[in-house]
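*Asks:* As input, take data-v5.cif (mmCIF, C-alpha atoms):
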```
data_run
#
loop_
_atom_site.label_atom_id
_atom_site.label_comp_id
_atom_site.auth_asym_id
_atom_site.auth_seq_id
_atom_site.Cartn_x
_atom_site.Cartn_y
_atom_site.Cartn_z
CA MET A 1 110.67 115.47 7.70
CA THR A 2 110.28 115.62 3.93
CA ALA A 3 112.91 116.91 1.52
CA GLN A 4 110.79 120.02 0.89
CA GLU A 5 110.44 120.74 4.63
CA THR A 6 114.18 120.37 5.04
CA GLU A 7 114.76 122.77 2.15
CA ASP A 8 112.44 125.37 3.73
CA TRP A 9 114.69 125.52 6.80
CA ASN A 10 117.91 125.20 4.78
CA SER A 11 117.91 128.48 2.94
CA GLY A 12 116.31 131.84 2.48
CA ALA A 13 114.91 134.00 5.24
CA TYR A 14 115.36 131.58 8.14
CA ALA A 15 119.01 130.86 7.40
CA ALA A 16 119.68 134.57 6.88
CA ALA A 17 118.03 135.43 10.21
CA ILE A 18 120.13 132.87 12.08
CA HIS A 19 123.25 134.29 10.45
CA ALA A 20 122.22 137.88 11.29
CA ARG A 21 120.96 136.89 14.77
CA ARG A 22 117.67 138.71 14.25
CA GLY A 23 114.63 138.65 12.00
CA ASP A 24 110.86 139.18 11.90
CA LEU A 25 109.92 135.55 11.23
CA SER A 26 106.90 133.45 12.14
CA LEU A 27 105.06 130.29 11.20
CA ARG A 28 101.56 130.98 9.88
CA ASP A 29 98.75 128.96 8.38
CA ALA A 30 95.85 129.84 6.12
CA ASP A 31 93.48 130.24 9.10
CA GLY A 32 95.50 133.03 10.70
CA TRP A 33 97.31 130.95 13.32
CA ARG A 34 100.75 132.41 14.05
CA LEU A 35 103.84 131.23 15.95
CA PRO A 36 106.60 133.88 16.25
CA LEU A 37 110.14 132.59 15.74
CA ASP A 38 112.16 134.33 18.46
CA VAL A 39 115.44 134.41 16.57
CA SER A 40 117.06 137.08 18.77
CA ARG A 41 116.51 135.01 21.92
CA TRP A 42 117.65 131.84 20.20
CA CYS A 43 120.89 133.55 19.18
CA ALA A 44 121.57 134.99 22.66
CA ARG A 45 123.08 133.14 25.60
CA ALA A 46 120.92 130.68 27.55
CA ASP A 47 118.50 132.56 29.83
CA ALA A 48 117.06 131.62 33.22
CA ALA A 49 114.35 129.40 31.73
CA ASP A 50 116.94 127.60 29.62
CA ARG A 51 119.24 127.13 32.62
CA ALA A 52 116.40 125.42 34.50
CA VAL A 53 116.28 122.91 31.63
CA LEU A 54 120.05 122.46 31.67
CA ARG A 55 120.06 121.64 35.39
CA ARG A 56 117.79 118.67 34.68
CA CYS A 57 119.99 117.14 31.97
CA ARG A 58 121.70 113.85 32.73
CA GLY A 59 124.42 112.08 30.79
CA ARG A 60 125.13 112.86 27.16
CA VAL A 61 122.67 115.32 25.63
CA LEU A 62 121.14 115.45 22.14
CA ASP A 63 119.58 118.82 21.24
CA ILE A 64 117.04 118.21 18.47
CA GLY A 65 116.57 121.27 16.26
CA CYS A 66 119.42 123.10 17.99
CA GLY A 67 118.96 126.31 15.99
CA ALA A 68 121.60 128.90 16.81
CA GLY A 69 123.15 126.60 19.40
CA ARG A 70 122.65 128.39 22.71
CA MET A 71 121.71 125.19 24.57
CA VAL A 72 124.63 123.22 23.12
CA GLU A 73 126.99 126.07 23.98
CA ALA A 74 125.70 126.24 27.55
CA LEU A 75 125.91 122.48 28.00
CA SER A 76 129.47 122.41 26.70
CA ARG A 77 130.45 125.17 29.11
CA ARG A 78 129.07 123.03 31.94
CA GLY A 79 131.13 120.04 30.91
CA TYR A 80 128.40 117.97 29.27
CA ALA A 81 129.01 115.95 26.13
CA ALA A 82 126.37 117.48 23.87
CA LEU A 83 125.45 117.25 20.19
CA GLY A 84 123.10 119.54 18.33
CA ILE A 85 121.30 118.48 15.16
CA ASP A 86 119.54 120.80 12.73
CA VAL A 87 118.59 120.68 9.06
CA CYS A 88 119.74 124.29 8.53
CA PRO A 89 123.44 124.72 7.61
CA SER A 90 123.49 128.24 9.10
CA ALA A 91 122.29 126.84 12.41
CA VAL A 92 125.00 124.18 12.41
CA ARG A 93 127.71 126.72 11.56
CA THR A 94 126.49 129.07 14.26
CA THR A 95 126.47 126.29 16.85
CA THR A 96 129.98 125.16 16.03
CA GLY A 97 131.13 128.79 15.98
CA ARG A 98 129.99 129.03 19.60
CA GLY A 99 132.18 126.10 20.55
CA GLY A 100 129.51 123.41 20.35
CA VAL A 101 129.31 120.24 18.30
CA ALA A 102 126.55 120.00 15.70
CA LEU A 103 125.56 118.00 12.64
CA ARG A 104 123.28 118.81 9.73
CA ARG A 105 120.67 116.10 10.26
CA SER A 106 116.96 115.62 10.71
CA VAL A 107 115.89 113.71 13.80
CA PHE A 108 114.48 111.12 11.40
CA ASP A 109 117.89 110.55 9.75
CA PRO A 110 120.35 107.97 11.08
CA LEU A 111 122.15 109.58 14.04
CA PRO A 112 125.29 108.84 16.03
CA ASP A 113 124.95 106.57 19.09
CA GLU A 114 121.27 105.77 18.70
CA GLY A 115 120.03 104.29 21.96
CA GLY A 116 122.93 105.82 23.90
CA TRP A 117 121.81 109.37 24.76
CA GLY A 118 121.07 110.17 28.38
CA THR A 119 118.89 113.19 27.62
CA ALA A 120 117.21 114.60 24.53
CA LEU A 121 115.88 118.15 24.19
CA LEU A 122 112.86 119.51 22.27
CA ILE A 123 113.01 123.21 23.13
CA ASP A 124 111.50 126.32 21.46
CA GLY A 125 108.44 124.51 20.15
CA ASN A 126 110.36 121.68 18.49
CA ILE A 127 107.73 119.16 19.59
CA GLY A 128 106.08 120.51 16.42
CA ILE A 129 108.74 119.05 14.10
CA GLY A 130 107.14 117.01 11.33
CA GLY A 131 103.58 117.75 12.43
CA ASP A 132 103.18 114.34 14.10
CA PRO A 133 104.08 114.36 17.83
CA LEU A 134 103.45 110.65 18.29
CA ARG A 135 105.85 109.72 15.49
CA LEU A 136 108.45 112.15 16.84
CA LEU A 137 108.22 110.84 20.40
CA ARG A 138 108.49 107.24 19.22
CA ARG A 139 111.58 108.13 17.20
CA ILE A 140 113.26 109.81 20.17
CA ARG A 141 112.41 106.82 22.39
CA HIS A 142 114.83 104.84 20.20
CA LEU A 143 117.55 107.49 20.54
CA VAL A 144 117.83 107.62 24.34
CA GLN A 145 119.06 105.05 26.82
CA GLY A 146 116.66 102.61 28.48
CA ARG A 147 115.48 105.07 31.13
CA GLY A 148 116.64 108.24 29.40
CA LEU A 149 115.09 111.69 29.68
CA LEU A 150 113.32 113.91 27.17
CA LEU A 151 112.88 117.56 28.16
CA VAL A 152 110.12 119.23 26.15
CA GLU A 153 108.96 122.84 25.91
CA THR A 154 105.19 122.81 25.41
CA ALA A 155 102.78 125.35 23.97
CA PRO A 156 100.73 127.53 26.33
CA GLY A 157 97.22 126.29 27.05
CA ASP A 158 95.46 123.03 26.36
CA VAL A 159 96.21 122.70 22.65
CA ASP A 160 96.81 119.70 20.40
CA GLU A 161 96.83 120.92 16.83
CA ARG A 162 98.18 119.89 13.45
CA ARG A 163 98.68 122.69 10.97
CA LEU A 164 100.02 123.30 7.49
CA VAL A 165 102.24 126.34 7.82
CA ARG A 166 104.67 128.53 5.93
CA ILE A 167 107.59 130.53 7.21
CA HIS A 168 106.71 134.22 6.94
CA GLN A 169 109.03 137.22 6.94
CA GLY A 170 106.82 139.99 8.22
CA GLN A 171 103.56 139.47 6.34
CA ARG A 172 105.17 137.73 3.36
CA PRO A 173 105.35 133.91 3.00
CA VAL A 174 108.90 132.80 2.19
CA SER A 175 108.59 129.01 2.13
CA ALA A 176 106.41 126.26 0.78
CA THR A 177 103.75 124.73 3.02
CA PHE A 178 104.84 122.09 5.53
CA ALA A 179 103.39 120.27 8.54
CA TRP A 180 103.80 121.55 12.10
CA ALA A 181 102.19 120.75 15.46
CA ALA A 182 101.33 122.75 18.58
CA VAL A 183 101.19 120.61 21.73
CA GLY A 184 100.30 121.73 25.24
CA THR A 185 101.19 119.95 28.46
CA ALA A 186 98.01 117.85 28.75
CA ALA A 187 98.28 116.72 25.13
CA LEU A 188 101.94 115.86 25.59
CA ASP A 189 100.99 113.60 28.50
CA ARG A 190 98.59 111.71 26.25
CA HIS A 191 101.10 111.34 23.43
CA ALA A 192 103.82 110.31 25.90
CA GLN A 193 101.76 107.46 27.28
CA ALA A 194 101.16 106.17 23.76
CA SER A 195 104.82 106.30 22.74
CA GLY A 196 106.85 104.79 25.56
CA TRP A 197 107.28 107.76 27.92
CA HIS A 198 105.84 108.98 31.19
CA ALA A 199 105.91 112.47 32.68
CA VAL A 200 108.05 112.87 35.79
CA GLU A 201 107.99 116.66 36.21
CA ARG A 202 106.20 119.75 34.91
CA TRP A 203 107.27 123.35 35.49
CA SER A 204 106.85 126.86 34.17
CA ALA A 205 109.27 129.78 33.93
CA ALA A 206 108.62 133.40 34.82
CA GLU A 207 108.96 134.21 31.12
CA GLY A 208 105.73 132.30 30.42
CA ARG A 209 107.42 129.22 29.02
CA HIS A 210 106.24 125.72 29.97
CA PHE A 211 108.20 122.47 30.21
CA VAL A 212 107.73 118.76 30.85
CA ALA A 213 110.33 116.14 31.71
CA LEU A 214 109.55 112.72 30.26
CA ARG A 215 111.32 109.52 31.21
CA ALA A 216 111.47 106.53 28.92
CA ALA A 217 109.24 103.76 30.19
CA ALA A 218 110.76 100.39 30.94
CA SER A 219 110.75 98.12 27.90
#
```
The structure given in the file should be rewritten as structure tokens.
*Replies:*
Amino acid sequence: MTAQETEDWNSGAYAAAIHARRGDLSLRDADGWRLPLDVSRWCARADAADRAVLRRCRGRVLDIGCGAGRMVEALSRRGYAALGIDVCPSAVRTTTGRGGVALRRSVFDPLPDEGGWGTALLIDGNIGIGGDPLRLLRRIRHLVQGRGLLLVETAPGDVDERRLVRIHQGQRPVSATFAWAAVGTAALDRHAQASGWHAVERWSAAEGRHFVALRAAAS
């Protein structure tokens, strides 16, 4: 993630929405593509779809792009050792205020205990981070243990897209342009095979959310 991309998430409308626990935010590109940012849900407690993810976690858990910290909070309540990372200071403060542990870091920064995490999470569309799923998956392969897990929330449908987006508040752009990706389940399978992972489970939630569990392939 570039310095500009980090700055876009660091301040302004996104940080204010996390602090307020609500906001009409989305990612949009010049072609009309739109991804709503569900800040109210992110700031609430973990829901049924989230809890299905939590039940599959093993060992120490790294939540990449932890946002408002609901997953870290829920993991901590269940007795897991969990760390959230996010480039937005408001997200980190909110996570720690909920009793979780979080650091202001990008996934591409040096991180604690690299190679020692039992499970990593990419929830709420965070497979899109950096706009290059293959690079992201290869990076996370180096963060987890030898046969560690990566639990990914995928986009609906058979999509595999790279887009240049801005954060919008309502109809108004409030950030510079940065790279993002939208990756469906079939595309994730392809990227996983090319980056040291294999799919071990796929499931969907009643809320229309879709998930894949990846296990690190043997070295």
*Asks:* Could you make a table, as JSON lines, of the residues of region 78-191 of chain A that have an atom within 6 Å of an atom of region 48-70 of chain A, each with its nearest atom pair and distance in Å to one decimal, counting all atoms listed in the file, in chain and number order?
*Replies:*
```
{"residue": "A:Ala81", "atom": "CA", "partner": "A:Arg60", "partner_atom": "CA", "distance": 5.1}
{"residue": "A:Ala82", "atom": "CA", "partner": "A:Val61", "partner_atom": "CA", "distance": 4.6}
{"residue": "A:Leu83", "atom": "CA", "partner": "A:Leu62", "partner_atom": "CA", "distance": 5.1}
{"residue": "A:Gly84", "atom": "CA", "partner": "A:Asp63", "partner_atom": "CA", "distance": 4.6}
{"residue": "A:Ile85", "atom": "CA", "partner": "A:Ile64", "partner_atom": "CA", "distance": 5.4}
{"residue": "A:Asp86", "atom": "CA", "partner": "A:Gly65", "partner_atom": "CA", "distance": 4.6}
{"residue": "A:Ala91", "atom": "CA", "partner": "A:Ala68", "partner_atom": "CA", "distance": 4.9}
{"residue": "A:Thr94", "atom": "CA", "partner": "A:Ala68", "partner_atom": "CA", "distance": 5.5}
{"residue": "A:Thr95", "atom": "CA", "partner": "A:Gly69", "partner_atom": "CA", "distance": 4.2}
{"residue": "A:Trp117", "atom": "CA", "partner": "A:Arg60", "partner_atom": "CA", "distance": 5.4}
{"residue": "A:Gly118", "atom": "CA", "partner": "A:Gly59", "partner_atom": "CA", "distance": 4.5}
{"residue": "A:Thr119", "atom": "CA", "partner": "A:Val61", "partner_atom": "CA", "distance": 4.8}
{"residue": "A:Ala120", "atom": "CA", "partner": "A:Leu62", "partner_atom": "CA", "distance": 4.7}
{"residue": "A:Leu121", "atom": "CA", "partner": "A:Asp63", "partner_atom": "CA", "distance": 4.8}
{"residue": "A:Leu122", "atom": "CA", "partner": "A:Ile64", "partner_atom": "CA", "distance": 5.8}
```
*Asks:* How about saving the chosen residues, C-alpha atoms kept, as an mmCIF file, in the coordinates of the input?
*Replies:*
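The result, stored in again_0.cif:
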```cif
data_model
loop_
_atom_site.group_PDB
_atom_site.id
_atom_site.type_symbol
_atom_site.label_atom_id
_atom_site.label_comp_id
_atom_site.auth_asym_id
_atom_site.auth_seq_id
_atom_site.Cartn_x
_atom_site.Cartn_y
_atom_site.Cartn_z
ATOM 1 C CA ALA A 81 129.010 115.950 26.130
ATOM 2 C CA ALA A 82 126.370 117.480 23.870
ATOM 3 C CA LEU A 83 125.450 117.250 20.190
ATOM 4 C CA GLY A 84 123.100 119.540 18.330
ATOM 5 C CA ILE A 85 121.300 118.480 15.160
ATOM 6 C CA ASP A 86 119.540 120.800 12.730
ATOM 7 C CA ALA A 91 122.290 126.840 12.410
ATOM 8 C CA THR A 94 126.490 129.070 14.260
ATOM 9 C CA THR A 95 126.470 126.290 16.850
ATOM 10 C CA TRP A 117 121.810 109.370 24.760
ATOM 11 C CA GLY A 118 121.070 110.170 28.380
ATOM 12 C CA THR A 119 118.890 113.190 27.620
ATOM 13 C CA ALA A 120 117.210 114.600 24.530
ATOM 14 C CA LEU A 121 115.880 118.150 24.190
ATOM 15 C CA LEU A 122 112.860 119.510 22.270
#
```
*Asks:* Extract, using all atoms listed in the file, all DNA, RNA and protein residues at most 10 Å from Arg215 (chain A), discarding same-chain residues fewer than 4 positions from it, and format them as a PyMOL selection string.
*Replies:* chain A and resi 119+141+144-151+192+196-201
*Asks:* Once the PyMOL selection byres ((chain A and resi 207) around 10) is applied to the coordinates I shared, what remains selected? I want it as a PyMOL selection string.
*Replies:* chain A and resi 47-49+204-206+208-210
*Asks:* Write the residues you've just listed into a file as a PDB file, keeping the file's coordinate frame, and include C-alpha atoms for each of them.
*Replies:*
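Writing done, so here's result-v5.pdb:
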```pdb
ATOM      1  CA  ASP A  47     118.500 132.560  29.830  1.00  0.00           C
ATOM      2  CA  ALA A  48     117.060 131.620  33.220  1.00  0.00           C
ATOM      3  CA  ALA A  49     114.350 129.400  31.730  1.00  0.00           C
ATOM      4  CA  SER A 204     106.850 126.860  34.170  1.00  0.00           C
ATOM      5  CA  ALA A 205     109.270 129.780  33.930  1.00  0.00           C
ATOM      6  CA  ALA A 206     108.620 133.400  34.820  1.00  0.00           C
ATOM      7  CA  GLY A 208     105.730 132.300  30.420  1.00  0.00           C
ATOM      8  CA  ARG A 209     107.420 129.220  29.020  1.00  0.00           C
ATOM      9  CA  HIS A 210     106.240 125.720  29.970  1.00  0.00           C
TER      10      HIS A 210
END
```
*Asks:* So the first atom is CA of Leu143 (chain A) and the second is CA of Pro110 (chain A); what is the distance between them in Å, to one decimal place?
*Replies:*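 Computing it gives 9.9 Å between the two atoms.
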*Asks:* Can you list what the PyMOL selection byres ((chain A and resi 17) around 10) grabs from this structure, as a ChimeraX atom specification?
*Replies:* /A:12-16,18-25,39-40,43,68,90-91,169
*Asks:* For region 3-57 of chain A versus region 154-162 of chain A, which residues have an atom no more than 12 Å away, and what is each residue's nearest atom pair and distance in Å rounded to one decimal, using only C-alpha atoms, chain-then-number order, as JSON lines?
*Replies:*
```
{"residue": "A:Asp29", "atom": "CA", "partner": "A:Arg162", "partner_atom": "CA", "distance": 10.4}
{"residue": "A:Trp33", "atom": "CA", "partner": "A:Glu161", "partner_atom": "CA", "distance": 10.6}
{"residue": "A:Leu35", "atom": "CA", "partner": "A:Ala155", "partner_atom": "CA", "distance": 10.0}
```
*Asks:* Can you work out the spacing between CA of Asp38 (chain A) and CA of Gly128 (chain A) in Å, to one decimal?
*Replies:*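 It comes out at 15.2 Å.
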*Asks:* With distances taken over all atoms listed in the file, which of A:Ala213, A:Ile127, A:Ala44, A:Met71 is nearest to Trp180 (chain A)?
*Replies:* A:Ile127
*Asks:* Need the axis-aligned box for region 139-147 of chain A with 6 Å each side, so what are the centre and edges in Å to one decimal, as lines of an AutoDock Vina configuration file?
*Replies:*
```
center_x = 115.3
center_y = 106.2
center_z = 24.2
size_x = 19.5
size_y = 19.2
size_z = 25.9
```
*Asks:* Around (106.0, 133.8, 1.5), as given in the file, which residues come within 12 Å? Count all atoms listed in the file and list them as a list in words.
*Replies:* Asp8, Gly12, Ala13, Tyr14, Leu25, Ser26, Leu27, Arg28, Asp29, Ala30, Val165, Arg166, Ile167, His168, Gln169, Gly170, Gln171, Arg172, Pro173, Val174, Ser175, Ala176 and Thr177 of chain A
*Asks:* Measure the distance from CA of Arg163 (chain A) to CA of Gly131 (chain A) in Å and round it to one decimal.
*Replies:* 7.1 Å
*Asks:* Name the closest residue to Ala187 (chain A) among the candidates A:Val92, A:Leu134, A:Val107, A:Ala46; distances are taken between atoms, counting all atoms listed in the file.
*Replies:*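 Among A:Val92, A:Leu134, A:Val107, A:Ala46, it is A:Leu134 that comes nearest to Ala187 (chain A).
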*Asks:* Rank nothing, just name the residue among A:Leu136, A:Val87, A:Ala74, A:Val212 nearest to Ser106 (chain A), using all atoms listed in the file.
*Replies:*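 Closest candidate: A:Val87.
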*Asks:* List the residues sitting within 8 Å of (130.1, 121.9, 19.2) in the file's frame, using only C-alpha atoms, as a PDB file with C-alpha atoms, in the coordinates of the input.
*Replies:*
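Listed below is the output, point02.pdb:
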```pdb
ATOM      1  CA  VAL A  72     124.630 123.220  23.120  1.00  0.00           C
ATOM      2  CA  GLU A  73     126.990 126.070  23.980  1.00  0.00           C
ATOM      3  CA  SER A  76     129.470 122.410  26.700  1.00  0.00           C
ATOM      4  CA  ALA A  82     126.370 117.480  23.870  1.00  0.00           C
ATOM      5  CA  LEU A  83     125.450 117.250  20.190  1.00  0.00           C
ATOM      6  CA  GLY A  84     123.100 119.540  18.330  1.00  0.00           C
ATOM      7  CA  THR A  95     126.470 126.290  16.850  1.00  0.00           C
ATOM      8  CA  THR A  96     129.980 125.160  16.030  1.00  0.00           C
ATOM      9  CA  GLY A  97     131.130 128.790  15.980  1.00  0.00           C
ATOM     10  CA  ARG A  98     129.990 129.030  19.600  1.00  0.00           C
ATOM     11  CA  GLY A  99     132.180 126.100  20.550  1.00  0.00           C
ATOM     12  CA  GLY A 100     129.510 123.410  20.350  1.00  0.00           C
ATOM     13  CA  VAL A 101     129.310 120.240  18.300  1.00  0.00           C
ATOM     14  CA  ALA A 102     126.550 120.000  15.700  1.00  0.00           C
TER      15      ALA A 102
END
```
*Asks:* Here is a test: counting only C-alpha atoms, which residue of A:Asp124, A:Asp189, A:Asp109, A:Glu153 is nearest to Ile140 (chain A)?
*Replies:*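 With only C-alpha atoms as the atom set, the closest residue is A:Asp109.
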*Asks:* Do you know which residues the PyMOL selection byres ((chain A and resi 114) around 7) returns on this file, as a compact mmCIF listing (two decimals) with C-alpha atoms, in the coordinates of the input?
*Replies:*
```txt
# COMPACT_ATOMS: atom_id res chain seq x y z
CA LEU A 111 122.15 109.58 14.04
CA PRO A 112 125.29 108.84 16.03
CA ASP A 113 124.95 106.57 19.09
CA GLY A 115 120.03 104.29 21.96
CA GLY A 116 122.93 105.82 23.90
CA HIS A 142 114.83 104.84 20.20
CA LEU A 143 117.55 107.49 20.54
CA VAL A 144 117.83 107.62 24.34
```
